[in-house]
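> Let me give you the structure first, and then I'll get to my questions.
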Amino acid sequence: MVQAVQGAKVVVTGAGGGIGAALARRFAAQGAKVVVNDLDADRAKAVAQEIGGLAVVGDASSTVAEARDALGGTVDVYCANAGVGRDGGEPGAPLDEQGWALSWDVNVMAHVRAAHALLPDWLERGSGRFVSTVSAAGLLTMIGTAPYSVTKHGAYAFAEWLSLTYRHRGVKVHAICPQGVRTDMLDASGSAGDLVLKPTAIEPEDVADALFRGMDEDRFLILPHPEVAEYYRARAAEPDRWLAGMNRLQQQWEANR
């Protein structure tokens, strides 16, 4: 059990289902008071009622003020979990500007806005915890979806920047980078997800387990799929070889769809 969680005031965005709901349940089970945020009012309220939490419905980009008020003026842990997976179209096809803009807004800028709203209080009191649900795509990449891959790289880079900038001032940051997780987003990932992610997909509860182990060990990078560490090392050490391997995967996907 992470001692800092007992009695903590926690916000989880995108918590109406999937990883977010699993995180909300785990924090509540460990004695935290949890705000469940989601765009879907019914799902947010259902999870909040189940765990004895509070539902705050709306866009994750602007939820901090309302969530903080619901928690009595303080947020101790903020889980930037809400995300979207969009296909921005292949080169040569019509560019989906709206898909790219939505991906940037939800997957990156929502994290930036939340940190901007939270940091003044956290720095003043010398404590705070920011949990970013990124993806292994933020360390590696994902075939078939440029917006998701690019913005998850951005989300990881922002979490990394937060950690290196503020860790000496009491702000703890964790970046969760799973591969496939059995959620609605995985179901919507199509044939690329079927090929790359589903064979090793884990449950949302496994992601919550990995986060709590990482918090207990005070680790920044949380890898629910441990093999991602080796992929990440291979990508850094031999990028051309790694890209060639990913291109073979791309060709396999193209041949079968």
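So you can find residues: chains in the structure tokens are A, B, ... in the order shown, residues in each start at 1, and ligands are numbered from 1 in order.
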For Ile222 (chain A), find every residue with an atom within 7 Å (counting only C-alpha atoms), except residues of its own chain fewer than 4 positions away, and show them as a count of residues only.

7

> Just the alpha helix (DSSP H) stuff from region 105-213 of chain A, please, per backbone DSSP, written as number ranges by chain.

A: 110-125, 146-166, 184-187, 190-196, 204-213

> Among region 16-174 of chain A, which ones does DSSP place in strand (DSSP E), written as a CSV table (one decimal) with all heavy atoms, in the first residue's frame?


chain,number,residue,atom,x,y,z
A,33,LYS,N,-10.1,9.9,-1.4
A,33,LYS,CA,-11.4,10.5,-1.9
A,33,LYS,C,-11.2,10.8,-3.3
A,33,LYS,O,-10.3,11.6,-3.7
A,33,LYS,CB,-11.6,11.7,-1.1
A,33,LYS,CG,-13.0,12.4,-1.4
A,33,LYS,CD,-13.3,13.6,-0.4
A,33,LYS,CE,-14.7,14.1,-0.7
A,33,LYS,NZ,-14.9,15.3,0.2
A,34,VAL,N,-12.0,10.3,-4.2
A,34,VAL,CA,-11.8,10.3,-5.6
A,34,VAL,C,-12.9,11.1,-6.4
A,34,VAL,O,-14.1,10.8,-6.2
A,34,VAL,CB,-11.7,8.9,-6.2
A,34,VAL,CG1,-11.4,8.9,-7.7
A,34,VAL,CG2,-10.6,8.1,-5.4
A,35,VAL,N,-12.4,12.0,-7.3
A,35,VAL,CA,-13.3,12.6,-8.3
A,35,VAL,C,-13.2,11.8,-9.5
A,35,VAL,O,-12.1,11.6,-10.1
A,35,VAL,CB,-12.9,14.1,-8.5
A,35,VAL,CG1,-13.5,14.5,-9.9
A,35,VAL,CG2,-13.5,14.9,-7.4
A,36,VAL,N,-14.4,11.3,-10.0
A,36,VAL,CA,-14.4,10.6,-11.3
A,36,VAL,C,-14.9,11.5,-12.4
A,36,VAL,O,-16.0,12.0,-12.4
A,36,VAL,CB,-15.4,9.4,-11.2
A,36,VAL,CG1,-15.6,8.7,-12.5
A,36,VAL,CG2,-15.0,8.5,-10.0
A,37,ASN,N,-14.0,11.8,-13.3
A,37,ASN,CA,-14.3,12.7,-14.4
A,37,ASN,C,-14.5,11.9,-15.7
A,37,ASN,O,-13.7,11.0,-16.0
A,37,ASN,CB,-13.2,13.8,-14.6
A,37,ASN,CG,-13.3,14.5,-15.9
A,37,ASN,OD1,-12.5,14.2,-16.8
A,37,ASN,ND2,-14.2,15.4,-16.1
A,38,ASP,N,-15.5,12.3,-16.5
A,38,ASP,CA,-15.7,11.7,-17.8
A,38,ASP,C,-16.7,12.6,-18.6
A,38,ASP,O,-17.5,13.3,-17.9
A,38,ASP,CB,-16.3,10.3,-17.7
A,38,ASP,CG,-16.0,9.5,-18.9
A,38,ASP,OD1,-16.8,9.5,-19.9
A,38,ASP,OD2,-15.0,8.7,-18.9
A,54,LEU,N,-17.0,11.1,-6.1
A,54,LEU,CA,-17.7,12.3,-6.6
A,54,LEU,C,-17.6,12.3,-8.1
A,54,LEU,O,-16.5,12.2,-8.7
A,54,LEU,CB,-17.1,13.6,-6.0
A,54,LEU,CG,-17.1,13.6,-4.5
A,54,LEU,CD1,-16.1,14.7,-4.0
A,54,LEU,CD2,-18.5,13.9,-3.9
A,55,ALA,N,-18.7,12.6,-8.8
A,55,ALA,CA,-18.6,12.7,-10.3
A,55,ALA,C,-18.5,14.1,-10.7
A,55,ALA,O,-19.3,15.0,-10.2
A,55,ALA,CB,-19.9,12.0,-10.9
A,56,VAL,N,-17.6,14.4,-11.6
A,56,VAL,CA,-17.5,15.7,-12.2
A,56,VAL,C,-17.5,15.5,-13.7
A,56,VAL,O,-16.6,14.9,-14.3
A,56,VAL,CB,-16.2,16.4,-11.8
A,56,VAL,CG1,-16.0,17.7,-12.7
A,56,VAL,CG2,-16.2,16.8,-10.3
A,57,VAL,N,-18.6,15.9,-14.4
A,57,VAL,CA,-18.8,15.6,-15.8
A,57,VAL,C,-18.2,16.7,-16.6
A,57,VAL,O,-18.4,17.9,-16.3
A,57,VAL,CB,-20.3,15.4,-16.1
A,57,VAL,CG1,-20.5,15.1,-17.5
A,57,VAL,CG2,-20.8,14.3,-15.2
A,77,VAL,N,-3.5,14.2,-5.9
A,77,VAL,CA,-3.0,13.3,-7.0
A,77,VAL,C,-3.9,13.6,-8.2
A,77,VAL,O,-5.2,13.6,-8.1
A,77,VAL,CB,-3.1,11.8,-6.7
A,77,VAL,CG1,-2.7,11.0,-7.8
A,77,VAL,CG2,-2.4,11.5,-5.4
A,78,TYR,N,-3.3,13.9,-9.4
A,78,TYR,CA,-4.1,14.1,-10.6
A,78,TYR,C,-3.7,13.1,-11.6
A,78,TYR,O,-2.5,13.0,-12.0
A,78,TYR,CB,-3.8,15.5,-11.1
A,78,TYR,CG,-4.8,15.9,-12.3
A,78,TYR,CD1,-6.0,16.5,-12.0
A,78,TYR,CD2,-4.4,15.6,-13.6
A,78,TYR,CE1,-6.8,16.8,-13.1
A,78,TYR,CE2,-5.3,15.9,-14.6
A,78,TYR,CZ,-6.5,16.5,-14.4
A,78,TYR,OH,-7.3,16.8,-15.4
A,79,CYS,N,-4.7,12.3,-12.1
A,79,CYS,CA,-4.4,11.2,-13.1
A,79,CYS,C,-5.0,11.7,-14.4
A,79,CYS,O,-6.2,11.7,-14.6
A,79,CYS,CB,-5.1,9.9,-12.7
A,79,CYS,SG,-4.5,9.2,-11.1
A,80,ALA,N,-4.0,12.2,-15.3
A,80,ALA,CA,-4.4,12.6,-16.6
A,80,ALA,C,-4.6,11.4,-17.5
A,80,ALA,O,-3.6,11.0,-18.2
A,80,ALA,CB,-3.3,13.6,-17.1
A,128,GLY,N,2.7,17.0,-4.4
A,128,GLY,CA,1.7,16.8,-5.5
A,128,GLY,C,2.2,15.7,-6.3
A,128,GLY,O,3.4,15.4,-6.4
A,129,ARG,N,1.2,15.0,-6.9
A,129,ARG,CA,1.5,13.8,-7.8
A,129,ARG,C,0.7,13.9,-9.1
A,129,ARG,O,-0.5,13.9,-9.0
A,129,ARG,CB,1.2,12.5,-7.0
A,129,ARG,CG,1.8,11.3,-7.6
A,129,ARG,CD,1.4,10.0,-6.8
A,129,ARG,NE,1.9,10.0,-5.5
A,129,ARG,CZ,3.1,9.4,-5.1
A,129,ARG,NH1,3.8,8.8,-6.0
A,129,ARG,NH2,3.4,9.4,-3.8
A,130,PHE,N,1.4,13.8,-10.2
A,130,PHE,CA,0.8,13.9,-11.5
A,130,PHE,C,1.0,12.6,-12.2
A,130,PHE,O,2.2,12.1,-12.4
A,130,PHE,CB,1.5,15.0,-12.3
A,130,PHE,CG,0.7,15.4,-13.6
A,130,PHE,CD1,-0.2,16.4,-13.6
A,130,PHE,CD2,0.9,14.7,-14.8
A,130,PHE,CE1,-0.9,16.8,-14.7
A,130,PHE,CE2,0.2,15.1,-15.9
A,130,PHE,CZ,-0.7,16.1,-15.9
A,131,VAL,N,-0.1,11.9,-12.5
A,131,VAL,CA,0.0,10.6,-13.2
A,131,VAL,C,-0.5,10.7,-14.6
A,131,VAL,O,-1.6,11.1,-14.8
A,131,VAL,CB,-0.8,9.5,-12.4
A,131,VAL,CG1,-0.8,8.2,-13.2
A,131,VAL,CG2,-0.4,9.4,-11.0
A,132,SER,N,0.4,10.4,-15.6
A,132,SER,CA,0.0,10.6,-17.0
A,132,SER,C,-0.1,9.2,-17.6
A,132,SER,O,0.8,8.4,-17.7
A,132,SER,CB,1.2,11.4,-17.7
A,132,SER,OG,0.9,11.5,-19.1
A,133,THR,N,-1.3,8.9,-18.1
A,133,THR,CA,-1.5,7.7,-18.8
A,133,THR,C,-1.1,8.0,-20.3
A,133,THR,O,-1.8,8.7,-21.0
A,133,THR,CB,-3.0,7.2,-18.8
A,133,THR,OG1,-3.4,7.0,-17.5
A,133,THR,CG2,-3.2,6.0,-19.6
A,171,VAL,N,7.2,17.5,-6.3
A,171,VAL,CA,6.2,17.1,-7.3
A,171,VAL,C,6.7,15.7,-7.9
A,171,VAL,O,7.7,15.6,-8.4
A,171,VAL,CB,6.0,18.1,-8.4
A,171,VAL,CG1,5.0,17.5,-9.5
A,171,VAL,CG2,5.4,19.4,-7.8
A,172,LYS,N,5.8,14.7,-7.7
A,172,LYS,CA,6.1,13.4,-8.2
A,172,LYS,C,5.4,13.2,-9.5
A,172,LYS,O,4.2,13.5,-9.6
A,172,LYS,CB,5.8,12.3,-7.2
A,172,LYS,CG,6.6,12.4,-5.9
A,172,LYS,CD,6.3,11.3,-4.9
A,172,LYS,CE,7.1,11.4,-3.6
A,172,LYS,NZ,8.5,11.2,-3.8
A,173,VAL,N,6.0,12.6,-10.5
A,173,VAL,CA,5.4,12.3,-11.8
A,173,VAL,C,5.5,10.9,-12.2
A,173,VAL,O,6.6,10.3,-12.0
A,173,VAL,CB,6.0,13.3,-12.9
A,173,VAL,CG1,5.2,13.1,-14.2
A,173,VAL,CG2,5.9,14.7,-12.4
A,174,HIS,N,4.5,10.3,-12.7
A,174,HIS,CA,4.5,8.9,-13.2
A,174,HIS,C,4.0,8.9,-14.6
A,174,HIS,O,2.9,9.4,-14.9
A,174,HIS,CB,3.8,8.0,-12.3
A,174,HIS,CG,4.1,8.1,-10.9
A,174,HIS,ND1,5.2,7.5,-10.3
A,174,HIS,CD2,3.5,8.8,-9.8
A,174,HIS,CE1,5.3,7.7,-9.0
A,174,HIS,NE2,4.3,8.5,-8.7

> Work out how far CA of Arg182 (chain A) is from CA of Trp100 (chain A), in Å to one decimal.

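Interatomic distance here is 24.2 Å.
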
> Taking 3 positions as the minimum chain separation for residues in the same chain, which residues sit within 9 Å of Arg26 (chain A) when counting only C-alpha atoms? Answer as a VMD selection string.

chain A and resid 21 to 23 29 to 32 205 208 to 209 212

> With N, CA and C atoms retained, could you export that selection as a PDB file, in the first residue's frame?


ATOM      1  N   ALA A  21     -11.384   3.966 -14.871  1.00  0.00           N
ATOM      2  CA  ALA A  21     -12.241   3.378 -13.838  1.00  0.00           C
ATOM      3  C   ALA A  21     -11.437   2.473 -12.920  1.00  0.00           C
ATOM      4  N   ALA A  22     -10.502   1.709 -13.492  1.00  0.00           N
ATOM      5  CA  ALA A  22      -9.660   0.835 -12.664  1.00  0.00           C
ATOM      6  C   ALA A  22      -8.805   1.650 -11.707  1.00  0.00           C
ATOM      7  N   LEU A  23      -8.259   2.767 -12.166  1.00  0.00           N
ATOM      8  CA  LEU A  23      -7.475   3.635 -11.285  1.00  0.00           C
ATOM      9  C   LEU A  23      -8.347   4.227 -10.185  1.00  0.00           C
ATOM     10  N   ALA A  29     -10.178   2.243  -3.016  1.00  0.00           N
ATOM     11  CA  ALA A  29      -9.971   1.078  -2.152  1.00  0.00           C
ATOM     12  C   ALA A  29      -8.827   1.284  -1.174  1.00  0.00           C
ATOM     13  N   GLN A  30      -7.890   2.171  -1.538  1.00  0.00           N
ATOM     14  CA  GLN A  30      -6.745   2.457  -0.670  1.00  0.00           C
ATOM     15  C   GLN A  30      -6.997   3.646   0.249  1.00  0.00           C
ATOM     16  N   GLY A  31      -8.242   4.136   0.280  1.00  0.00           N
ATOM     17  CA  GLY A  31      -8.592   5.162   1.241  1.00  0.00           C
ATOM     18  C   GLY A  31      -8.564   6.581   0.731  1.00  0.00           C
ATOM     19  N   ALA A  32      -8.493   6.757  -0.580  1.00  0.00           N
ATOM     20  CA  ALA A  32      -8.499   8.115  -1.149  1.00  0.00           C
ATOM     21  C   ALA A  32      -9.927   8.587  -1.411  1.00  0.00           C
ATOM     22  N   GLU A 205      -7.171  -3.470 -14.677  1.00  0.00           N
ATOM     23  CA  GLU A 205      -6.731  -3.651 -13.298  1.00  0.00           C
ATOM     24  C   GLU A 205      -5.232  -3.948 -13.206  1.00  0.00           C
ATOM     25  N   ALA A 208      -3.536  -0.641 -13.131  1.00  0.00           N
ATOM     26  CA  ALA A 208      -3.596  -0.050 -11.791  1.00  0.00           C
ATOM     27  C   ALA A 208      -2.581  -0.710 -10.860  1.00  0.00           C
ATOM     28  N   ASP A 209      -2.443  -2.028 -10.957  1.00  0.00           N
ATOM     29  CA  ASP A 209      -1.440  -2.731 -10.154  1.00  0.00           C
ATOM     30  C   ASP A 209      -0.047  -2.178 -10.435  1.00  0.00           C
ATOM     31  N   PHE A 212       0.529   1.308  -8.896  1.00  0.00           N
ATOM     32  CA  PHE A 212       0.721   1.322  -7.446  1.00  0.00           C
ATOM     33  C   PHE A 212       2.077   0.737  -7.053  1.00  0.00           C
TER      34      PHE A 212
END

> Between A:Val47, A:Val196, A:Val134, A:Val11, single out the one closest to Ala114 (chain A), counting only C-alpha atoms.

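Looking at the shortest contact to Ala114 (chain A), the residue is A:Val11.
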
> Any idea what's packed within 8 Å of Ala137 (chain A), counting only C-alpha atoms, ignoring anything in its chain fewer than 3 positions away? Could you give it as a list in words?

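Counting only C-alpha atoms, the residues come to Val134, Leu140, Thr141, Met142, Tyr148, Ser149, Lys152, His153, Cys177 and Gln179 of chain A.
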
> Just want the 12 Å neighbourhood of Asp105 (chain A), counted on only C-alpha atoms, with same-chain residues fewer than 6 positions away dropped. Output as a compact mmCIF listing (two decimals) with all heavy atoms, in the first residue's frame.


# COMPACT_ATOMS: atom_id res chain seq x y z
N ASP A 59 -15.24 18.05 -20.01
CA ASP A 59 -13.98 17.92 -20.74
C ASP A 59 -12.81 17.88 -19.77
O ASP A 59 -12.70 18.71 -18.86
CB ASP A 59 -13.85 19.14 -21.67
CG ASP A 59 -12.75 19.00 -22.69
OD1 ASP A 59 -11.71 18.37 -22.36
OD2 ASP A 59 -12.91 19.51 -23.81
N ALA A 60 -11.92 16.91 -19.97
CA ALA A 60 -10.75 16.78 -19.10
C ALA A 60 -9.85 18.01 -19.15
O ALA A 60 -9.11 18.28 -18.20
CB ALA A 60 -9.95 15.54 -19.50
N SER A 61 -9.92 18.77 -20.24
CA SER A 61 -9.07 19.95 -20.38
C SER A 61 -9.40 21.05 -19.38
O SER A 61 -8.59 21.93 -19.13
CB SER A 61 -9.18 20.52 -21.80
OG SER A 61 -8.54 19.69 -22.73
N SER A 62 -10.61 21.02 -18.85
CA SER A 62 -11.02 22.14 -17.99
C SER A 62 -11.65 21.66 -16.68
O SER A 62 -12.50 22.34 -16.12
CB SER A 62 -12.03 23.02 -18.75
OG SER A 62 -13.13 22.25 -19.20
N ALA A 82 -7.60 10.61 -19.50
CA ALA A 82 -8.46 10.70 -20.69
C ALA A 82 -7.60 10.75 -21.95
O ALA A 82 -6.57 11.42 -21.99
CB ALA A 82 -9.34 11.95 -20.60
N GLY A 83 -8.03 10.03 -22.97
CA GLY A 83 -7.27 10.02 -24.22
C GLY A 83 -8.16 9.63 -25.37
O GLY A 83 -9.24 9.07 -25.19
N VAL A 84 -7.69 9.93 -26.57
CA VAL A 84 -8.41 9.54 -27.78
C VAL A 84 -7.43 8.88 -28.75
O VAL A 84 -6.25 9.22 -28.80
CB VAL A 84 -9.10 10.73 -28.48
CG1 VAL A 84 -10.19 11.31 -27.61
CG2 VAL A 84 -8.09 11.81 -28.87
N GLY A 85 -7.94 7.94 -29.50
CA GLY A 85 -7.15 7.33 -30.57
C GLY A 85 -7.81 7.64 -31.89
O GLY A 85 -8.93 7.21 -32.14
N GLN A 98 -9.30 17.86 -38.17
CA GLN A 98 -10.05 17.80 -36.91
C GLN A 98 -9.54 16.66 -36.03
O GLN A 98 -9.45 16.80 -34.81
CB GLN A 98 -11.53 17.63 -37.19
CG GLN A 98 -12.19 18.89 -37.77
CD GLN A 98 -13.69 18.72 -37.92
OE1 GLN A 98 -14.19 17.62 -38.13
NE2 GLN A 98 -14.41 19.83 -37.82
N GLY A 99 -9.21 15.52 -36.65
CA GLY A 99 -8.69 14.40 -35.88
C GLY A 99 -7.36 14.73 -35.23
O GLY A 99 -7.12 14.40 -34.07
N HIS A 111 -3.20 17.70 -20.52
CA HIS A 111 -2.18 17.50 -19.49
C HIS A 111 -1.50 18.83 -19.15
O HIS A 111 -1.26 19.14 -17.98
CB HIS A 111 -1.13 16.51 -19.97
CG HIS A 111 -1.66 15.14 -20.26
ND1 HIS A 111 -0.86 14.02 -20.21
CD2 HIS A 111 -2.90 14.70 -20.58
CE1 HIS A 111 -1.58 12.94 -20.51
NE2 HIS A 111 -2.82 13.34 -20.74
N VAL A 112 -1.20 19.60 -20.18
CA VAL A 112 -0.54 20.89 -19.96
C VAL A 112 -1.43 21.83 -19.15
O VAL A 112 -0.99 22.47 -18.20
CB VAL A 112 -0.17 21.53 -21.32
CG1 VAL A 112 0.40 22.93 -21.12
CG2 VAL A 112 0.83 20.65 -22.08
N ARG A 113 -2.70 21.88 -19.52
CA ARG A 113 -3.63 22.78 -18.81
C ARG A 113 -3.80 22.34 -17.36
O ARG A 113 -3.86 23.18 -16.45
CB ARG A 113 -4.98 22.80 -19.52
CG ARG A 113 -4.92 23.41 -20.92
CD ARG A 113 -6.31 23.50 -21.55
NE ARG A 113 -6.21 23.90 -22.95
CZ ARG A 113 -6.45 23.08 -23.99
NH1 ARG A 113 -6.82 21.83 -23.78
NH2 ARG A 113 -6.32 23.53 -25.22
N ALA A 114 -3.91 21.04 -17.14
CA ALA A 114 -4.06 20.55 -15.77
C ALA A 114 -2.84 20.91 -14.92
O ALA A 114 -2.97 21.39 -13.79
CB ALA A 114 -4.28 19.04 -15.78
N PRO A 147 -1.70 10.41 -35.60
CA PRO A 147 -2.04 11.33 -34.51
C PRO A 147 -1.84 10.73 -33.13
O PRO A 147 -1.34 11.40 -32.22
CB PRO A 147 -3.52 11.66 -34.78
CG PRO A 147 -3.69 11.44 -36.23
CD PRO A 147 -2.82 10.28 -36.55
N TYR A 148 -2.24 9.48 -32.95
CA TYR A 148 -2.08 8.83 -31.65
C TYR A 148 -0.61 8.70 -31.30
O TYR A 148 -0.17 9.05 -30.20
CB TYR A 148 -2.76 7.47 -31.67
CG TYR A 148 -2.76 6.77 -30.33
CD1 TYR A 148 -3.66 7.14 -29.34
CD2 TYR A 148 -1.87 5.74 -30.06
CE1 TYR A 148 -3.67 6.50 -28.11
CE2 TYR A 148 -1.88 5.10 -28.83
CZ TYR A 148 -2.78 5.47 -27.86
OH TYR A 148 -2.79 4.85 -26.64
N THR A 151 1.08 12.29 -30.69
CA THR A 151 0.64 13.00 -29.48
C THR A 151 1.00 12.22 -28.22
O THR A 151 1.24 12.84 -27.17
CB THR A 151 -0.86 13.29 -29.52
OG1 THR A 151 -1.60 12.06 -29.69
CG2 THR A 151 -1.20 14.24 -30.66
N LYS A 152 1.06 10.90 -28.29
CA LYS A 152 1.50 10.16 -27.11
C LYS A 152 2.99 10.38 -26.86
O LYS A 152 3.43 10.40 -25.70
CB LYS A 152 1.17 8.67 -27.26
CG LYS A 152 -0.31 8.36 -27.12
CD LYS A 152 -0.85 8.76 -25.74
CE LYS A 152 -2.28 8.36 -25.53
NZ LYS A 152 -2.78 8.70 -24.18
N GLY A 154 4.28 13.24 -27.38
CA GLY A 154 4.20 14.55 -26.73
C GLY A 154 3.80 14.44 -25.27
O GLY A 154 4.36 15.14 -24.41
N ALA A 155 2.84 13.57 -24.97
CA ALA A 155 2.41 13.39 -23.58
C ALA A 155 3.55 12.86 -22.72
O ALA A 155 3.74 13.30 -21.59
CB ALA A 155 1.21 12.44 -23.53

> A:Ala70, A:Trp161, A:Ala236, A:Pro204: which is nearest Arg25 (chain A), counting only C-alpha atoms?

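Nearest candidate to Arg25 (chain A) out of A:Ala70, A:Trp161, A:Ala236, A:Pro204: A:Pro204.
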